[in-house]
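**Q** First the structure, which I've put down as structure tokens, then a few questions once you've had a look.
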Amino acid sequence: MKENKNNQVKPQEEINLKLFFRKIYKNKMFFIASIGLFVLLALVYIASATKIYEVSTSVLIDSKGTNRVLGDSKYVDGGVSLIEMEKNLYNEIGILKSFSLIRQTIEDLNFDVSYHTSTLFSSKESYGYFPFEASLDRSKPQLYGVPFEVELLTGDSYKLTIKGDEFSVSNPSNGSVREVDRSINFSNEYKFGDKVEHEYFTFTLNKPQYSVNLEDFDGDNLSFEVSNVESVAKGYMGNLEANNIDIQASIFKIVSSGPIVAKEVDFLKKLTQNYVQNELSSRNEIAAGKEAFIRNQLNVISDSLTRFEVELEAFKIDKKAMDLGATASNALDQTNNLQVEAAKIKMNINYYNSIIRSVRNNKNSDDFIMPSGIGVEDASINQNIQELKNLYAERSKKKFFVTSNNQEMTILNDQIQESTAILLSNLKSAVRSSQAALGGITNQLSSIDEEISSLPTREIQLLNIQRQNTLYENLYKYLSQELAKTGIARAESTSDTRVLDEARMDGSGPVSPQKSLLLGLAVVLGTLLPLGWIIFFSPDDTIENVHQVMANSDMPIIASIIHYDGDDDAKERASSIPFVGEKLGKIIKKIKGSGKLFDFVDDKFMTSDADAEVSLWKLKESFRDLTTNLKLVNSTGKGVIGITSILPEEGKTYNAINLGITLAEAGKKIIIVDADLRNPSLVKGIRKIKGKGLSNYLKGEVVSVNEVIHSHEKVKNLKFIPTEIVDGNVQELLSSEKMNSLIDKLKKEYDYIILDTPAVGLVSDFLLLLDVMDINLFVVRRNVSKVEFLEDLDNLIPRDKKKKSYIIFNDALKEDHKYGYEAKYGLNKEKQLVDKSFSV
């Protein structure tokens, strides 16, 4: 077999594209049905799906932390920095979306309790307006996953019903939840305000403080459900988004989504409120720690100061020593500043050691609040504290998503241990540095003490007492000033975060389901489904035009029979006219007296439409074209024409009948022989024919050939030999000598013998008649025949048989035919197809 020529003649790209769109048009009802189905499904989903609304708020964060500088007061000089001077904005996003903050918000709003109304066909959650409120005793176990159905009774009574097959129960002692795989069936009556106690739940139902009209809930089933706080918090984490509105801005937009707008608004309001309050609480806790430390030092110094003041007064009275000499006064002035500085260093050493103890004792606790560099001037220590604080916050966030032995958690724990070790090392270094500075001051004081030792004893004693008194007096003033500065800074401190836009719904409606998007997606899917079927499953080897025939077969095309656009009934009848006995007579009477092809006088066959008239004329002309080409390939004007197809329904009988009529009208003596003994076409629809046919003759039931020949009533040159279904050996009859002699007899009397043979793709009957055929015509029908059929045509006829085989392209479209309506009148405006295959 020759190589497939699907590369086609040169206009193949345009032709293939036309074929593709033609196939789409052919399956347009499939497309319409598919799109309609998907649109209907989308509308049903839109109507039934829970509508989701988007709520947002925006906050401004002072990233420079000017509001967090304790001591930056107009009343006192100096300042005490409690935490880092600049915030990492990405850390603030992490804090806003942290599990701990969201969980705190859920607990504050009691969102772990949801209220529902339901009817026979629907159920929805209610918020902010309900006939009762549930107050949980969180120190007791609670039941999760089963609705608590509440039926309102007269007065202040209600009936509580709980039914479920599987549920879970919380353990408040360790925060765990255990699954219970058994049913629960509980029912009892209570009064509002009574405590409901059970081994699985403990709560109190109260009437709301606002007024509720019970008629609003008439006919509804009321219930509430308790959920695990952690599960609710995780759900809100998944729906919460927090992003800065611009890369250079410290304004953040926080977005939450849910089915109830008011609930999401309250959530965002409480979330931002808790975020601001937690920042202030952390700062106040640090300030309170410093105040406690200073007050403790003041208590110690105050006692010492009082004792030395009493001692100084007693010494002056007893020894009658009122004033110091010049040398002693000078020594006192020198030691005052050194002693105060030494006292400050000792206080710093004590504070460093307190931080070291705090870090060591609490470093493995998740609730450990990282101390800040209170008055610490060492930048590296402040940086270490901040880094460790961020790592603790990251671990607190991750522990809700990964297990303790997870690789990420292991790496994070290693980082915390490393940062803790670095912080402790830096604190120890600060202690050692402070101790070294204290040693230097001690040496200076020792040298001054040597000068003082040369003074008189009484003056030395007075100097020592007065020096201690002055030291504690200065320390007391210093600490009192620091305490005042811290207190004033606490009172003046404002939040770094300010809410710019209160929480409110975005847009004017729900963000999900998105009606336009879903409808658009439905149209796309509705288009893709049939399109995919056409591309992947629809047989793409169906012949659509004459170019495919020429590209895939070396067999020449003798003619194209045009598609008839008129009444389908007319065409149906024209292609299957029974020509036998009384049935033949009834059908022939429908033919116009002139005997013209397809000129039916019956209203069911005629059409007054101009387009149908044009189409009918083209159909006639295409059969005339076939007869003309037959003269060119068969100059004798006589012979046996065998007509077949690969499969049924390709129009072989239709072409055989109308070719016979056309040749007969041209003056030829024609006889059509129905050689399909398995499924006769000329008598389609008739189980038992009246009269005899080919099968009767071949079986010997009829002696004379004339007994099986039937005439056309109007076309005198046209004869028919019908047949009936043969149950026996068909091949034996067709290959018999009687069949050959029949053909020989008919040749003597008729110009053309047209054999209507069975489809060659199903049975081999056609091949049995090859020896008696002069011309073989294979009918290939548009939208029915396959390309693969053409690939086998060349192998059907033995090469040693020099038969003339041609293809009739049946049901061709207008563009595949060379005649136009105007050509009837001598003016052809249609495109002429110039191809050797047409002229043979």
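To be explicit about the labels: the chains of the structure tokens are called A, B, and onward in the order shown, and within each one the residues are counted from 1, while ligands get numbers from 1 in the order they are shown.
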Could you give me, as a VMD selection string, the residues within 9 Å of Thr272 in chain A, counting only C-alpha atoms and dropping anything in the same chain fewer than 4 positions from it?

**A** chain A and resid 57 59 96 267 to 268 276 to 277 497 499

**Q** For Glu197 in chain A, work out the shell of residues within 10 Å, counting only C-alpha atoms and skipping chain neighbours fewer than 5 positions away, then give it as a ChimeraX atom specification.

**A** /A:137,140-141,202-204

**Q** Could you turn the residues from that selection into a file that holds all heavy atoms, as a PDB file, in the first residue's frame?

**A**
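File written: out12.pdb
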ATOM      1  N   ASP A 137     -18.536  25.747  81.431  1.00  0.00           N
ATOM      2  CA  ASP A 137     -17.612  25.625  82.555  1.00  0.00           C
ATOM      3  C   ASP A 137     -16.354  24.973  82.006  1.00  0.00           C
ATOM      4  O   ASP A 137     -16.272  23.751  81.877  1.00  0.00           O
ATOM      5  CB  ASP A 137     -18.242  24.773  83.658  1.00  0.00           C
ATOM      6  CG  ASP A 137     -17.371  24.746  84.912  1.00  0.00           C
ATOM      7  OD1 ASP A 137     -16.208  25.183  84.833  1.00  0.00           O
ATOM      8  OD2 ASP A 137     -17.862  24.284  85.967  1.00  0.00           O
ATOM      9  N   LYS A 140     -14.381  21.927  83.365  1.00  0.00           N
ATOM     10  CA  LYS A 140     -14.961  20.599  83.296  1.00  0.00           C
ATOM     11  C   LYS A 140     -14.900  20.084  81.844  1.00  0.00           C
ATOM     12  O   LYS A 140     -14.745  20.864  80.910  1.00  0.00           O
ATOM     13  CB  LYS A 140     -16.428  20.638  83.757  1.00  0.00           C
ATOM     14  CG  LYS A 140     -16.621  21.161  85.167  1.00  0.00           C
ATOM     15  CD  LYS A 140     -16.077  20.190  86.195  1.00  0.00           C
ATOM     16  CE  LYS A 140     -16.280  20.699  87.614  1.00  0.00           C
ATOM     17  NZ  LYS A 140     -17.698  20.816  87.963  1.00  0.00           N
ATOM     18  N   PRO A 141     -15.025  18.756  81.667  1.00  0.00           N
ATOM     19  CA  PRO A 141     -15.028  18.209  80.296  1.00  0.00           C
ATOM     20  C   PRO A 141     -16.190  18.781  79.478  1.00  0.00           C
ATOM     21  O   PRO A 141     -17.248  19.115  80.014  1.00  0.00           O
ATOM     22  CB  PRO A 141     -15.181  16.703  80.520  1.00  0.00           C
ATOM     23  CG  PRO A 141     -14.701  16.469  81.913  1.00  0.00           C
ATOM     24  CD  PRO A 141     -15.063  17.698  82.689  1.00  0.00           C
ATOM     25  N   THR A 202     -20.633  20.338  80.932  1.00  0.00           N
ATOM     26  CA  THR A 202     -21.136  21.178  82.022  1.00  0.00           C
ATOM     27  C   THR A 202     -21.298  22.596  81.479  1.00  0.00           C
ATOM     28  O   THR A 202     -20.324  23.186  80.983  1.00  0.00           O
ATOM     29  CB  THR A 202     -20.177  21.188  83.217  1.00  0.00           C
ATOM     30  OG1 THR A 202     -19.964  19.843  83.663  1.00  0.00           O
ATOM     31  CG2 THR A 202     -20.761  22.003  84.369  1.00  0.00           C
ATOM     32  N   PHE A 203     -22.503  23.118  81.529  1.00  0.00           N
ATOM     33  CA  PHE A 203     -22.747  24.475  81.019  1.00  0.00           C
ATOM     34  C   PHE A 203     -24.033  25.008  81.633  1.00  0.00           C
ATOM     35  O   PHE A 203     -24.777  24.289  82.321  1.00  0.00           O
ATOM     36  CB  PHE A 203     -22.837  24.483  79.487  1.00  0.00           C
ATOM     37  CG  PHE A 203     -23.950  23.636  78.941  1.00  0.00           C
ATOM     38  CD1 PHE A 203     -25.246  24.138  78.809  1.00  0.00           C
ATOM     39  CD2 PHE A 203     -23.716  22.322  78.556  1.00  0.00           C
ATOM     40  CE1 PHE A 203     -26.270  23.353  78.310  1.00  0.00           C
ATOM     41  CE2 PHE A 203     -24.741  21.531  78.054  1.00  0.00           C
ATOM     42  CZ  PHE A 203     -26.021  22.048  77.926  1.00  0.00           C
ATOM     43  N   THR A 204     -24.300  26.274  81.343  1.00  0.00           N
ATOM     44  CA  THR A 204     -25.529  26.928  81.783  1.00  0.00           C
ATOM     45  C   THR A 204     -26.125  27.669  80.600  1.00  0.00           C
ATOM     46  O   THR A 204     -25.406  28.387  79.897  1.00  0.00           O
ATOM     47  CB  THR A 204     -25.251  27.915  82.927  1.00  0.00           C
ATOM     48  OG1 THR A 204     -24.633  27.211  84.009  1.00  0.00           O
ATOM     49  CG2 THR A 204     -26.541  28.549  83.419  1.00  0.00           C
TER      50      THR A 204
END

**Q** Identify, on the basis of only C-alpha atoms, every residue whose closest approach to Val180 in chain A does not exceed 8 Å; exclude the query and any residue fewer than 5 positions from it along the same chain; express the result as a count of residues only.

**A** 4

**Q** Considering only C-alpha atoms, return as a VMD selection string whatever protein or nucleic-acid residues lie within 12 Å of Lys638 in chain A, sequence-local ones (same chain, fewer than 3 positions apart) excluded.

**A** chain A and resid 627 630 to 635 641 663 668 to 671 746 to 754 773 to 775

**Q** Pick the closest to Val232 in chain A from A:Asn629, A:Ser114, A:Asn729, A:Asn776: which is it, counting only C-alpha atoms?

**A** A:Ser114

**Q** Quick one: residues within 10 Å of Ile349 in chain A, only C-alpha atoms, excluding same-chain residues fewer than 6 positions away - as a list of chain:residue names?

**A**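 My reading of the contact set: A:Ala343, A:Ile355, A:Leu427, A:Lys428, A:Ala430, A:Val431, A:Arg432, A:Ser433, A:Ser434, A:Gln435, A:Leu438.
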
**Q** Quick one, how far is CA of Gly728 in chain A from CA of Asp674 in chain A?

**A** 17.1 Å

**Q** Out of range 180-278 of chain A, which residues get strand (DSSP E or B) from DSSP, as a ChimeraX atom specification?

**A** /A:180,184-191,195-197,202-206,221-226,241-244,251-258
